[in-house]
Amino acid sequence: MEVNGDGLRLLQMYVSVNWETTMRTIEFAEKYGFHGLAITVDAQVLGVRRKEKLYQFDSSQFKFPILEEIGRGTKNMGHERKEYLKNRDLGLTWETIEKIRKITKLKIVLKGVLHHEDAKMATQYCDAIW
């Protein structure tokens, strides 16, 4: 995979119920020079993607090199977007974010913090909120 440009690069990710997949995602970000992880925390229920339905968009027709690399040799991890999303961890805790902090030096951005109390707590666990 080729990385172009020298701008700030964040890898948007979901924490997986399969910790090996989460680790491979973090390793991917480190390997390809990302500056941080944008961990999605508001995806317990996926939104309705009206435009995808309207235009009959089917992501299975596209290759996702990141999913192929992360999924290689991993149990229950396919190479399709739907499979990746199906395995997201719906029970994220502050301990999960703390565990990620301990295994990487990448910046951690929490994407989708919705409540002001969580935003206050997030200052103890991450570098930014998006």
# chains A, B, ... in the order shown; residues from 1 in each chain; ligands from 1

call {"tool": "residues_around", "arguments": {"residues": "A:Trp130", "least_positions_apart": "5", "cutoff": "7 Å", "atoms": "only C-alpha atoms", "output": "list in words"}}
result
Val109, Leu110, Lys111 and Gly112 of chain A

call {"tool": "residues_around", "arguments": {"residues": "A:Met13", "least_positions_apart": "5", "cutoff": "7 Å", "atoms": "only C-alpha atoms", "output": "PyMOL selection string"}}
result
chain A and resi 37-40

call {"tool": "closest_residue", "arguments": {"among": "A:His116, A:Arg88, A:Arg101, A:Lys53", "to": "A:Ser16", "atoms": "only C-alpha atoms"}}
result
A:Arg88

call {"tool": "atom_distance", "arguments": {"atom1": "atom CA of A:Cys126", "atom2": "atom CA of A:Glu30"}}
result
17.2 Å

call {"tool": "closest_residue", "arguments": {"among": "A:Tyr14, A:Trp19, A:Gly36, A:Phe28", "to": "A:Leu106", "atoms": "only C-alpha atoms"}}
result
A:Gly36
